[in-house]
>>> print(open('entry16.csv').read())   # CSV, C-alpha atoms
chain,number,residue,atom,x,y,z
A,1,MET,CA,-51.3,-40.4,-43.5
A,2,ALA,CA,-49.5,-40.0,-46.8
A,3,TYR,CA,-50.5,-37.0,-48.9
A,4,SER,CA,-51.0,-37.7,-52.6
A,5,VAL,CA,-48.7,-35.6,-54.8
A,6,ALA,CA,-48.5,-34.5,-58.4
A,7,VAL,CA,-45.6,-32.7,-60.1
A,8,ALA,CA,-46.5,-30.7,-63.2
A,9,GLY,CA,-43.5,-30.0,-65.4
A,10,ALA,CA,-41.7,-33.1,-64.0
A,11,SER,CA,-39.2,-33.3,-67.0
A,12,GLY,CA,-37.4,-30.1,-66.1
A,13,TYR,CA,-34.6,-29.5,-63.6
A,14,VAL,CA,-36.9,-28.3,-60.8
A,15,GLY,CA,-39.3,-31.1,-61.5
A,16,GLY,CA,-36.6,-33.7,-61.1
A,17,GLU,CA,-35.4,-32.1,-57.9
A,18,LEU,CA,-38.9,-32.0,-56.5
A,19,ILE,CA,-39.3,-35.7,-57.2
A,20,ARG,CA,-36.0,-36.4,-55.4
A,21,LEU,CA,-37.2,-34.6,-52.3
A,22,ILE,CA,-40.7,-36.0,-52.4
A,23,LEU,CA,-39.2,-39.5,-52.4
A,24,ASN,CA,-37.2,-38.6,-49.3
A,25,HIS,CA,-40.3,-37.3,-47.5
A,26,PRO,CA,-42.0,-39.8,-45.2
A,27,ASP,CA,-45.5,-38.3,-45.6
A,28,LEU,CA,-45.7,-37.8,-49.3
A,29,GLU,CA,-46.7,-40.3,-52.0
A,30,LEU,CA,-45.8,-39.4,-55.6
A,31,ARG,CA,-48.7,-40.4,-57.9
A,32,THR,CA,-48.6,-38.3,-61.0
A,33,VAL,CA,-45.9,-36.6,-63.1
A,34,THR,CA,-46.8,-34.4,-66.1
A,35,ALA,CA,-45.0,-32.8,-69.0
A,36,HIS,CA,-45.7,-30.9,-72.2
A,37,SER,CA,-43.5,-31.9,-75.1
A,38,ASN,CA,-42.3,-35.0,-73.3
A,39,ALA,CA,-45.8,-36.2,-72.4
A,40,GLY,CA,-46.2,-39.9,-73.3
A,41,GLN,CA,-42.6,-40.7,-72.6
A,42,LYS,CA,-41.2,-42.5,-69.5
A,43,LEU,CA,-40.1,-40.2,-66.7
A,44,SER,CA,-36.7,-41.9,-67.0
A,45,SER,CA,-36.3,-40.3,-70.5
A,46,ALA,CA,-35.8,-37.0,-68.7
A,47,HIS,CA,-34.4,-38.3,-65.5
A,48,PRO,CA,-32.6,-41.7,-65.9
A,49,GLN,CA,-31.9,-41.9,-62.2
A,50,LEU,CA,-35.6,-42.3,-61.6
A,51,ALA,CA,-36.1,-45.3,-63.9
A,52,HIS,CA,-36.9,-47.5,-60.9
A,53,LEU,CA,-40.2,-45.5,-60.3
A,54,GLY,CA,-41.7,-46.8,-63.6
A,55,LEU,CA,-43.7,-43.7,-64.1
A,56,ASP,CA,-45.0,-42.2,-67.4
A,57,LEU,CA,-45.2,-38.5,-68.1
A,58,VAL,CA,-48.8,-37.6,-68.8
A,59,GLU,CA,-50.1,-34.4,-70.4
A,60,THR,CA,-50.3,-31.4,-68.1
A,61,THR,CA,-54.0,-30.8,-67.7
A,62,ALA,CA,-56.3,-29.8,-64.8
A,63,SER,CA,-58.0,-33.2,-65.0
A,64,LYS,CA,-54.7,-35.0,-64.4
A,65,LEU,CA,-53.8,-32.8,-61.5
A,66,ASN,CA,-57.2,-32.4,-59.7
A,67,GLY,CA,-57.8,-34.9,-56.9
A,68,HIS,CA,-54.3,-34.7,-55.4
A,69,ASP,CA,-53.6,-33.4,-51.9
A,70,VAL,CA,-50.6,-31.5,-53.1
A,71,VAL,CA,-49.7,-30.2,-56.6
A,72,PHE,CA,-46.3,-28.7,-57.4
A,73,LEU,CA,-46.3,-26.6,-60.6
A,74,ALA,CA,-42.8,-26.6,-62.0
A,75,LEU,CA,-43.8,-24.9,-65.3
A,76,PRO,CA,-42.2,-22.2,-67.3
A,77,HIS,CA,-43.0,-18.6,-66.2
A,78,THR,CA,-46.5,-17.4,-67.2
A,79,GLN,CA,-47.8,-21.0,-67.7
A,80,SER,CA,-49.0,-21.8,-64.2
A,81,ALA,CA,-51.6,-19.1,-64.2
A,82,ALA,CA,-53.3,-20.7,-67.2
A,83,ILE,CA,-54.0,-23.9,-65.4
A,84,ALA,CA,-54.2,-22.9,-61.7
A,85,GLY,CA,-57.7,-21.5,-62.0
A,86,ASP,CA,-59.0,-24.9,-63.0
A,87,LEU,CA,-57.4,-26.7,-60.0
A,88,ASP,CA,-60.5,-26.8,-57.9
A,89,ALA,CA,-60.0,-30.2,-56.3
A,90,VAL,CA,-56.5,-29.8,-54.9
A,91,GLY,CA,-55.7,-29.4,-51.2
A,92,LEU,CA,-52.5,-27.3,-51.6
A,93,ILE,CA,-50.9,-25.8,-54.8
A,94,LEU,CA,-47.3,-24.6,-54.8
A,95,ASP,CA,-46.1,-22.7,-57.9
A,96,CYS,CA,-42.4,-22.9,-58.5
A,97,GLY,CA,-42.6,-20.3,-61.3
A,98,ALA,CA,-43.0,-16.6,-61.1
A,99,ASP,CA,-46.7,-16.3,-61.9
A,100,PHE,CA,-48.0,-15.5,-58.4
A,101,ARG,CA,-45.0,-13.9,-56.7
A,102,LEU,CA,-45.5,-10.2,-57.5
A,103,GLU,CA,-48.1,-8.2,-55.7
A,104,SER,CA,-47.8,-5.2,-58.1
A,105,SER,CA,-49.6,-5.6,-61.4
A,106,GLU,CA,-47.5,-2.8,-62.8
A,107,ARG,CA,-44.2,-4.5,-62.0
A,108,TRP,CA,-45.5,-7.8,-63.3
A,109,GLU,CA,-46.6,-6.4,-66.6
A,110,GLU,CA,-43.3,-4.4,-67.0
A,111,PHE,CA,-41.1,-7.5,-66.6
A,112,TYR,CA,-43.3,-10.3,-67.9
A,113,GLN,CA,-45.5,-8.6,-70.6
A,114,THR,CA,-48.6,-10.5,-69.7
A,115,LYS,CA,-51.7,-9.9,-67.6
A,116,HIS,CA,-51.1,-10.1,-63.9
A,117,ALA,CA,-52.8,-13.2,-62.4
A,118,GLY,CA,-52.6,-12.0,-58.7
A,119,ALA,CA,-50.4,-12.9,-55.8
A,120,TRP,CA,-50.3,-16.0,-53.6
A,121,ASN,CA,-48.9,-16.4,-50.1
A,122,TYR,CA,-45.1,-16.1,-50.4
A,123,GLY,CA,-43.0,-19.1,-49.6
A,124,LEU,CA,-39.9,-17.7,-47.9
A,125,PRO,CA,-40.4,-18.6,-44.2
A,126,GLU,CA,-37.2,-16.9,-42.9
A,127,LEU,CA,-38.0,-13.5,-44.4
A,128,THR,CA,-38.0,-10.9,-41.6
A,129,LEU,CA,-41.0,-8.5,-41.9
A,130,ALA,CA,-41.3,-4.8,-40.9
A,131,ASP,CA,-43.9,-5.7,-38.3
A,132,GLY,CA,-41.4,-7.8,-36.4
A,133,GLY,CA,-42.6,-11.2,-37.5
A,134,LYS,CA,-41.4,-13.6,-40.2
A,135,GLN,CA,-43.1,-14.8,-43.4
A,136,ARG,CA,-43.6,-18.4,-42.0
A,137,GLY,CA,-46.3,-16.9,-39.8
A,138,ARG,CA,-48.4,-16.3,-42.9
A,139,LEU,CA,-48.1,-19.8,-44.4
A,140,ALA,CA,-50.0,-21.9,-41.9
A,141,SER,CA,-53.1,-23.6,-43.4
A,142,VAL,CA,-52.9,-21.7,-46.7
A,143,GLN,CA,-54.0,-23.4,-49.9
A,144,ALA,CA,-51.7,-21.7,-52.5
A,145,ILE,CA,-48.1,-20.7,-52.2
A,146,ALA,CA,-45.8,-18.9,-54.6
A,147,VAL,CA,-42.2,-20.2,-54.2
A,148,PRO,CA,-39.5,-17.5,-54.4
A,149,GLY,CA,-37.0,-17.1,-57.2
A,150,CYS,CA,-33.6,-18.6,-56.5
A,151,ASN,CA,-31.5,-15.5,-56.9
A,152,VAL,CA,-34.2,-13.6,-54.9
A,153,THR,CA,-33.8,-16.0,-51.9
A,154,ALA,CA,-30.0,-15.4,-51.8
A,155,VAL,CA,-30.2,-11.6,-51.9
A,156,THR,CA,-33.2,-11.4,-49.6
A,157,LEU,CA,-31.8,-13.5,-46.8
A,158,SER,CA,-28.5,-11.5,-47.1
A,159,LEU,CA,-30.2,-8.2,-46.3
A,160,ALA,CA,-33.7,-8.5,-44.8
A,161,PRO,CA,-32.7,-8.5,-41.1
A,162,LEU,CA,-30.4,-5.5,-41.6
A,163,ILE,CA,-33.3,-3.6,-43.3
A,164,THR,CA,-35.8,-4.6,-40.6
A,165,ALA,CA,-33.5,-3.3,-38.0
A,166,ASP,CA,-32.9,-0.1,-40.0
A,167,LEU,CA,-29.1,-0.6,-40.1
A,168,ILE,CA,-28.3,-0.1,-43.8
A,169,GLU,CA,-29.1,2.4,-46.5
A,170,THR,CA,-31.3,0.9,-49.1
A,171,ASP,CA,-30.9,3.3,-52.0
A,172,ASP,CA,-27.5,1.9,-53.2
A,173,ILE,CA,-27.5,-1.8,-52.9
A,174,VAL,CA,-25.1,-3.8,-55.1
A,175,SER,CA,-25.5,-7.5,-55.7
A,176,ASN,CA,-23.4,-9.7,-57.9
A,177,LEU,CA,-24.3,-13.3,-58.3
A,178,THR,CA,-22.4,-16.2,-59.7
A,179,VAL,CA,-25.0,-18.7,-60.9
A,180,GLY,CA,-24.9,-22.4,-62.0
A,181,THR,CA,-26.3,-23.0,-65.5
A,182,SER,CA,-29.4,-24.9,-64.1
A,183,GLY,CA,-30.6,-21.6,-62.7
A,184,ALA,CA,-31.4,-20.5,-66.2
A,185,GLY,CA,-33.6,-23.6,-66.9
A,186,LYS,CA,-33.5,-26.2,-69.6
A,187,SER,CA,-35.3,-24.0,-72.1
A,188,SER,CA,-33.3,-20.8,-71.4
A,189,LYS,CA,-32.7,-18.4,-74.2
A,190,VAL,CA,-29.2,-17.9,-72.7
A,191,GLU,CA,-26.6,-19.9,-74.7
A,192,LEU,CA,-25.7,-22.8,-72.4
A,193,SER,CA,-23.9,-25.2,-74.8
A,194,ALA,CA,-21.0,-27.1,-73.4
A,195,SER,CA,-18.6,-25.4,-75.8
A,196,GLU,CA,-20.0,-22.0,-74.8
A,197,MET,CA,-19.7,-22.4,-71.1
A,198,SER,CA,-16.6,-24.6,-70.6
A,199,GLY,CA,-14.0,-22.5,-68.9
A,200,ASN,CA,-16.2,-19.4,-69.3
A,201,LEU,CA,-18.1,-16.9,-67.3
A,202,LYS,CA,-21.0,-15.0,-68.8
A,203,ALA,CA,-23.0,-12.1,-67.5
A,204,TYR,CA,-26.7,-11.9,-68.5
A,205,ALA,CA,-29.8,-9.7,-68.0
A,206,VAL,CA,-27.5,-6.8,-67.0
A,207,GLY,CA,-28.8,-3.3,-66.4
A,208,GLY,CA,-31.9,-3.9,-64.1
A,209,ILE,CA,-33.8,-6.1,-66.6
A,210,HIS,CA,-33.6,-9.4,-64.8
A,211,ARG,CA,-37.0,-10.6,-63.8
A,212,HIS,CA,-35.9,-11.2,-60.2
A,213,VAL,CA,-35.3,-7.5,-59.7
A,214,PRO,CA,-38.9,-6.6,-58.9
A,215,GLU,CA,-39.3,-9.6,-56.6
A,216,ILE,CA,-36.2,-8.6,-54.7
A,217,LEU,CA,-37.4,-5.0,-54.3
A,218,GLN,CA,-40.8,-6.4,-53.1
A,219,ASN,CA,-39.1,-8.4,-50.4
A,220,LEU,CA,-36.9,-5.6,-49.2
A,221,GLU,CA,-40.1,-3.5,-48.9
A,222,LYS,CA,-41.7,-6.2,-46.9
A,223,ALA,CA,-38.6,-6.1,-44.6
A,224,GLY,CA,-39.1,-2.3,-44.1
A,225,ALA,CA,-37.3,-0.6,-47.0
A,226,VAL,CA,-38.8,2.5,-48.6
A,227,ASP,CA,-38.2,2.9,-52.3
A,228,PRO,CA,-35.1,0.5,-52.3
A,229,LYS,CA,-32.7,0.5,-55.3
A,230,ILE,CA,-30.4,-2.3,-56.3
A,231,THR,CA,-27.8,-3.0,-59.0
A,232,PHE,CA,-28.2,-6.7,-59.7
A,233,THR,CA,-25.8,-8.6,-62.0
A,234,PRO,CA,-26.0,-12.3,-62.5
A,235,VAL,CA,-23.1,-14.2,-64.0
A,236,LEU,CA,-23.4,-17.7,-65.4
A,237,ALA,CA,-20.5,-20.0,-64.3
A,238,PRO,CA,-19.5,-23.4,-65.8
A,239,VAL,CA,-21.0,-25.4,-62.9
A,240,SER,CA,-24.4,-27.2,-63.0
A,241,ARG,CA,-25.9,-25.8,-59.8
A,242,GLY,CA,-25.4,-23.3,-57.0
A,243,ILE,CA,-25.6,-19.5,-56.3
A,244,LEU,CA,-22.9,-17.4,-54.7
A,245,ALA,CA,-24.4,-13.9,-54.0
A,246,VAL,CA,-22.1,-11.1,-52.9
A,247,THR,CA,-24.2,-8.1,-51.8
A,248,SER,CA,-23.1,-4.8,-50.3
A,249,ALA,CA,-24.8,-1.8,-48.8
A,250,LYS,CA,-23.8,1.3,-46.9
A,251,MET,CA,-24.0,1.0,-43.1
A,252,LYS,CA,-26.0,3.2,-40.8
A,253,ALA,CA,-24.7,1.7,-37.6
A,254,SER,CA,-21.7,0.1,-36.0
A,255,PRO,CA,-20.4,-3.3,-37.3
A,256,GLU,CA,-21.4,-4.8,-33.9
A,257,LYS,CA,-25.0,-3.8,-34.3
A,258,LEU,CA,-25.2,-5.3,-37.8
A,259,THR,CA,-23.6,-8.5,-36.7
A,260,GLU,CA,-26.1,-8.7,-33.8
A,261,ALA,CA,-29.0,-8.2,-36.1
A,262,LEU,CA,-28.0,-11.1,-38.3
A,263,GLN,CA,-27.4,-13.3,-35.3
A,264,ASP,CA,-30.8,-12.4,-33.7
A,265,ALA,CA,-32.7,-13.1,-36.9
A,266,TYR,CA,-31.1,-16.4,-37.8
A,267,HIS,CA,-29.7,-18.1,-34.7
A,268,ASP,CA,-32.7,-20.4,-34.4
A,269,GLU,CA,-33.2,-21.0,-38.1
A,270,SER,CA,-32.7,-24.7,-39.0
A,271,PHE,CA,-31.5,-24.0,-42.6
A,272,ILE,CA,-29.4,-20.9,-42.2
A,273,GLU,CA,-25.9,-21.1,-40.8
A,274,LEU,CA,-23.8,-18.0,-40.1
A,275,LEU,CA,-20.2,-18.6,-40.8
A,276,THR,CA,-17.7,-16.6,-38.8
A,277,ASP,CA,-14.3,-18.2,-39.5
A,278,SER,CA,-14.8,-18.9,-43.2
A,279,LEU,CA,-16.6,-17.6,-46.3
A,280,PRO,CA,-19.5,-19.5,-48.0
A,281,GLU,CA,-18.9,-21.8,-50.9
A,282,THR,CA,-21.5,-23.4,-53.1
A,283,ALA,CA,-20.0,-26.8,-52.9
A,284,SER,CA,-20.7,-26.9,-49.1
A,285,VAL,CA,-24.5,-26.6,-49.7
A,286,THR,CA,-24.9,-28.6,-52.9
A,287,GLY,CA,-27.9,-31.0,-52.7
A,288,SER,CA,-29.1,-29.4,-49.4
A,289,ASN,CA,-31.7,-26.9,-48.3
A,290,ARG,CA,-29.1,-25.0,-46.3
A,291,VAL,CA,-28.0,-21.4,-46.6
A,292,HIS,CA,-24.5,-20.4,-45.7
A,293,LEU,CA,-24.1,-16.7,-44.8
A,294,SER,CA,-21.1,-14.6,-43.8
A,295,HIS,CA,-20.3,-10.9,-43.8
A,296,ARG,CA,-17.4,-8.6,-43.7
A,297,PHE,CA,-17.0,-4.8,-43.2
A,298,ASP,CA,-15.2,-2.6,-45.6
A,299,PRO,CA,-13.3,0.6,-44.7
A,300,SER,CA,-15.6,2.4,-47.2
A,301,GLY,CA,-18.4,2.1,-44.7
A,302,ARG,CA,-20.2,-0.8,-46.4
A,303,ILE,CA,-21.1,-4.2,-45.3
A,304,THR,CA,-20.6,-7.1,-47.7
A,305,VAL,CA,-22.8,-10.2,-47.2
A,306,ILE,CA,-21.9,-13.5,-48.9
A,307,CYS,CA,-24.6,-16.1,-49.4
A,308,ALA,CA,-24.3,-19.6,-50.8
A,309,ILE,CA,-27.3,-21.8,-51.7
A,310,ASP,CA,-28.2,-24.6,-54.1
A,311,ASN,CA,-30.5,-22.9,-56.6
A,312,LEU,CA,-32.4,-26.1,-57.2
A,313,VAL,CA,-33.0,-26.9,-53.5
A,314,LYS,CA,-33.2,-23.9,-51.1
A,315,GLY,CA,-33.6,-21.8,-54.3
A,316,THR,CA,-36.7,-23.7,-55.5
A,317,ALA,CA,-37.7,-27.3,-54.7
A,318,GLY,CA,-36.5,-27.3,-51.1
A,319,ALA,CA,-38.2,-24.0,-50.4
A,320,ALA,CA,-41.4,-25.5,-51.9
A,321,ILE,CA,-41.2,-28.6,-49.6
A,322,GLN,CA,-40.3,-26.4,-46.6
A,323,SER,CA,-43.3,-24.1,-47.2
A,324,MET,CA,-45.6,-27.1,-47.8
A,325,ASN,CA,-44.6,-28.6,-44.5
A,326,ILE,CA,-45.6,-25.4,-42.7
A,327,ALA,CA,-48.9,-25.1,-44.6
A,328,LEU,CA,-49.8,-28.7,-43.8
A,329,GLY,CA,-48.8,-28.4,-40.1
A,330,MET,CA,-45.9,-30.8,-40.3
A,331,VAL,CA,-42.5,-30.3,-38.8
A,332,GLU,CA,-40.8,-27.7,-41.0
A,333,GLN,CA,-37.6,-29.8,-41.5
A,334,THR,CA,-39.4,-33.0,-42.6
A,335,GLY,CA,-37.8,-34.5,-45.7
A,336,LEU,CA,-35.1,-31.8,-45.8
A,337,ASN,CA,-32.4,-33.1,-43.5
A,338,GLN,CA,-29.8,-33.7,-46.3
A,339,THR,CA,-26.4,-32.1,-45.7
A,340,GLY,CA,-24.4,-30.6,-48.4
A,341,ILE,CA,-22.3,-33.0,-50.4
A,342,ARG,CA,-19.1,-31.6,-51.8
A,343,PRO,CA,-18.6,-32.7,-55.4
>>> encode(input="entry16.csv", output="structure tokens")
Amino acid sequence: MAYSVAVAGASGYVGGELIRLILNHPDLELRTVTAHSNAGQKLSSAHPQLAHLGLDLVETTASKLNGHDVVFLALPHTQSAAIAGDLDAVGLILDCGADFRLESSERWEEFYQTKHAGAWNYGLPELTLADGGKQRGRLASVQAIAVPGCNVTAVTLSLAPLITADLIETDDIVSNLTVGTSGAGKSSKVELSASEMSGNLKAYAVGGIHRHVPEILQNLEKAGAVDPKITFTPVLAPVSRGILAVTSAKMKASPEKLTEALQDAYHDESFIELLTDSLPETASVTGSNRVHLSHRFDPSGRITVICAIDNLVKGTAGAAIQSMNIALGMVEQTGLNQTGIRP
């Protein structure tokens, strides 16, 4: 059986990546692609590599999306909530934006300045939980999933097992991320012109104001942290995609115990690879749903965890497909077997 699929916001970076993965999935049939300002144009006007599909971008409305088995919302933040309530004839909805990630209305309103629309099931299967389970156990047979933020995924997977095992202090976490320009989106307010970014690095949303901060804190709390605090600094780099997160925290136990906790949490995870003899690089995971993790211990008594992901795959579209597979009862890895391709 092939599930009928619609992608709302198909003209953006995430929409294009979703389509690439959907076409690689044996059980999905792409039927509808929508856009806002690009509605009425060919899909190929936004993604020339998809010209062979012959699809037109239609207006993003509930009537165009209802009737599909699966709908992916790849819309700008705060726009998914406006349409999701009218999707009453869809089997499974996955929101790749932020609208349904946060459980706290106070945190949402502080960082997004709009009314909180509620929280959906959270689509990060590998997240270790304080009760001893993992988030994938909460995704089976659900009808709505909030896909995590890309930076959030990198930081969360770096720390969650150490927090669940109570092996690090959580009141002084420092995370610096080098991020490809696609992580800011096509309509970002950050200046991303070729002349601005060529040969340049640029910090943004510095000082605890990045919208991924409350989501990171929420995940660390799910893992078992009480009132965690993080200094989070993203830096744009002149590459199109990829995130390299370097995160450190003060240790509460021996290096051996911290290493064991990471191995215990991730040894059977299909998409997470713990590197021992080398450090992660974004080029090694480009185009794949894989996570490369490594860690080192500092004489200051801190552990540093390095994480590399592709922000458009494991950071967004791949996570959506992975979570969809779980919700629909399919093999979790279906359609996601691509290995990283070094540019």
>>> atom_distance(input="entry16.csv", atom1="atom CA of A:Ser294", atom2="atom CA of A:Gln218")
23.3 Å
>>> residues_near_point(input="entry16.csv", point="(-29.0, -23.2, -40.7)", cutoff="12 Å", atoms="all atoms listed in the file", output="mmCIF file with C-alpha atoms, in the coordinates of the input")
data_model
loop_
_atom_site.group_PDB
_atom_site.id
_atom_site.type_symbol
_atom_site.label_atom_id
_atom_site.label_comp_id
_atom_site.auth_asym_id
_atom_site.auth_seq_id
_atom_site.Cartn_x
_atom_site.Cartn_y
_atom_site.Cartn_z
ATOM 1 C CA GLU A 126 -37.200 -16.900 -42.900
ATOM 2 C CA LEU A 157 -31.800 -13.500 -46.800
ATOM 3 C CA GLN A 263 -27.400 -13.300 -35.300
ATOM 4 C CA ALA A 265 -32.700 -13.100 -36.900
ATOM 5 C CA TYR A 266 -31.100 -16.400 -37.800
ATOM 6 C CA HIS A 267 -29.700 -18.100 -34.700
ATOM 7 C CA ASP A 268 -32.700 -20.400 -34.400
ATOM 8 C CA GLU A 269 -33.200 -21.000 -38.100
ATOM 9 C CA SER A 270 -32.700 -24.700 -39.000
ATOM 10 C CA PHE A 271 -31.500 -24.000 -42.600
ATOM 11 C CA ILE A 272 -29.400 -20.900 -42.200
ATOM 12 C CA GLU A 273 -25.900 -21.100 -40.800
ATOM 13 C CA LEU A 274 -23.800 -18.000 -40.100
ATOM 14 C CA LEU A 275 -20.200 -18.600 -40.800
ATOM 15 C CA VAL A 285 -24.500 -26.600 -49.700
ATOM 16 C CA SER A 288 -29.100 -29.400 -49.400
ATOM 17 C CA ASN A 289 -31.700 -26.900 -48.300
ATOM 18 C CA ARG A 290 -29.100 -25.000 -46.300
ATOM 19 C CA VAL A 291 -28.000 -21.400 -46.600
ATOM 20 C CA HIS A 292 -24.500 -20.400 -45.700
ATOM 21 C CA LEU A 293 -24.100 -16.700 -44.800
ATOM 22 C CA ALA A 308 -24.300 -19.600 -50.800
ATOM 23 C CA ILE A 309 -27.300 -21.800 -51.700
ATOM 24 C CA LYS A 314 -33.200 -23.900 -51.100
ATOM 25 C CA GLN A 333 -37.600 -29.800 -41.500
ATOM 26 C CA LEU A 336 -35.100 -31.800 -45.800
ATOM 27 C CA ASN A 337 -32.400 -33.100 -43.500
ATOM 28 C CA GLN A 338 -29.800 -33.700 -46.300
ATOM 29 C CA THR A 339 -26.400 -32.100 -45.700
ATOM 30 C CA GLY A 340 -24.400 -30.600 -48.400
#
>>> residues_around(input="entry16.csv", residues="stretch 96-104 of chain A", least_positions_apart="6", cutoff="6 Å", atoms="all atoms listed in the file", output="ChimeraX atom specification")
/A:73-74,77-78,118-120,146-147
>>> closest_residue(input="entry16.csv", among="A:Gly242, A:Leu129, A:Lys222, A:Ile163", to="A:Asn311", atoms="all atoms listed in the file")
A:Gly242
>>> atom_distance(input="entry16.csv", atom1="atom CA of A:Gly91", atom2="atom CA of A:Gly149")
23.2 Å
>>> atom_distance(input="entry16.csv", atom1="atom CA of A:Ser278", atom2="atom CA of A:Asn151")
21.9 Å
>>> closest_residue(input="entry16.csv", among="A:Met324, A:Ile216, A:Leu43, A:Gly180", to="A:Leu127", atoms="all atoms listed in the file")
A:Ile216
>>> residues_around(input="entry16.csv", residues="stretch 49-64 of chain A", least_positions_apart="3", cutoff="12 Å", atoms="only C-alpha atoms", output="PyMOL selection string")
chain A and resi 5-12+15-20+23+29-46+67-68+71-75+79-90
>>> residues_around(input="entry16.csv", residues="A:Phe111", least_positions_apart="6", cutoff="8 Å", atoms="only C-alpha atoms", output="tab-separated table (two decimals) with C-alpha atoms, in the coordinates of the input")
chain	number	residue	atom	x	y	z
A	209	ILE	CA	-33.80	-6.10	-66.60
A	210	HIS	CA	-33.60	-9.40	-64.80
A	211	ARG	CA	-37.00	-10.60	-63.80
>>> closest_residue(input="entry16.csv", among="A:Asp171, A:Glu260, A:Glu196, A:Asp27", to="A:Pro238", atoms="only C-alpha atoms")
A:Glu196
>>> residues_around(input="entry16.csv", residues="A:Ser254", least_positions_apart="6", cutoff="10 Å", atoms="all atoms listed in the file", output="PDB file with C-alpha atoms, keeping the file's coordinate frame")
ATOM      1  CA  LEU A 167     -29.100  -0.600 -40.100  1.00  0.00           C
ATOM      2  CA  PHE A 297     -17.000  -4.800 -43.200  1.00  0.00           C
ATOM      3  CA  GLY A 301     -18.400   2.100 -44.700  1.00  0.00           C
TER       4      GLY A 301
END
>>> closest_residue(input="entry16.csv", among="A:Val226, A:Ala237, A:Val155, A:Ala319", to="A:Met197", atoms="only C-alpha atoms")
A:Ala237
>>> residues_around(input="entry16.csv", residues="A:Gly329", least_positions_apart="5", cutoff="12 Å", atoms="all atoms listed in the file", output="short mmCIF file (atom, residue, chain, number, x, y, z; two decimals) with C-alpha atoms, in the coordinates of the input")
data_model
loop_
_atom_site.label_atom_id
_atom_site.label_comp_id
_atom_site.auth_asym_id
_atom_site.auth_seq_id
_atom_site.Cartn_x
_atom_site.Cartn_y
_atom_site.Cartn_z
CA ASP A 27 -45.50 -38.30 -45.60
CA ARG A 136 -43.60 -18.40 -42.00
CA GLY A 137 -46.30 -16.90 -39.80
CA LEU A 139 -48.10 -19.80 -44.40
CA ALA A 140 -50.00 -21.90 -41.90
CA SER A 141 -53.10 -23.60 -43.40
CA VAL A 142 -52.90 -21.70 -46.70
CA GLN A 322 -40.30 -26.40 -46.60
CA SER A 323 -43.30 -24.10 -47.20
CA MET A 324 -45.60 -27.10 -47.80
CA THR A 334 -39.40 -33.00 -42.60
#
>>> decode(input="entry16.csv", residues="stretch 145-156 of chain A", atoms="C-alpha atoms", output="CSV table (one decimal), in the first residue's frame")
chain,number,residue,atom,x,y,z
A,145,ILE,CA,3.9,15.1,15.3
A,146,ALA,CA,6.0,18.2,15.9
A,147,VAL,CA,9.4,17.8,14.2
A,148,PRO,CA,12.3,19.1,16.3
A,149,GLY,CA,14.4,22.1,15.5
A,150,CYS,CA,17.7,21.3,13.8
A,151,ASN,CA,20.0,22.9,16.3
A,152,VAL,CA,17.9,21.4,19.1
A,153,THR,CA,18.5,17.9,17.7
A,154,ALA,CA,22.3,18.3,17.8
A,155,VAL,CA,22.4,19.7,21.3
A,156,THR,CA,19.8,17.3,22.7
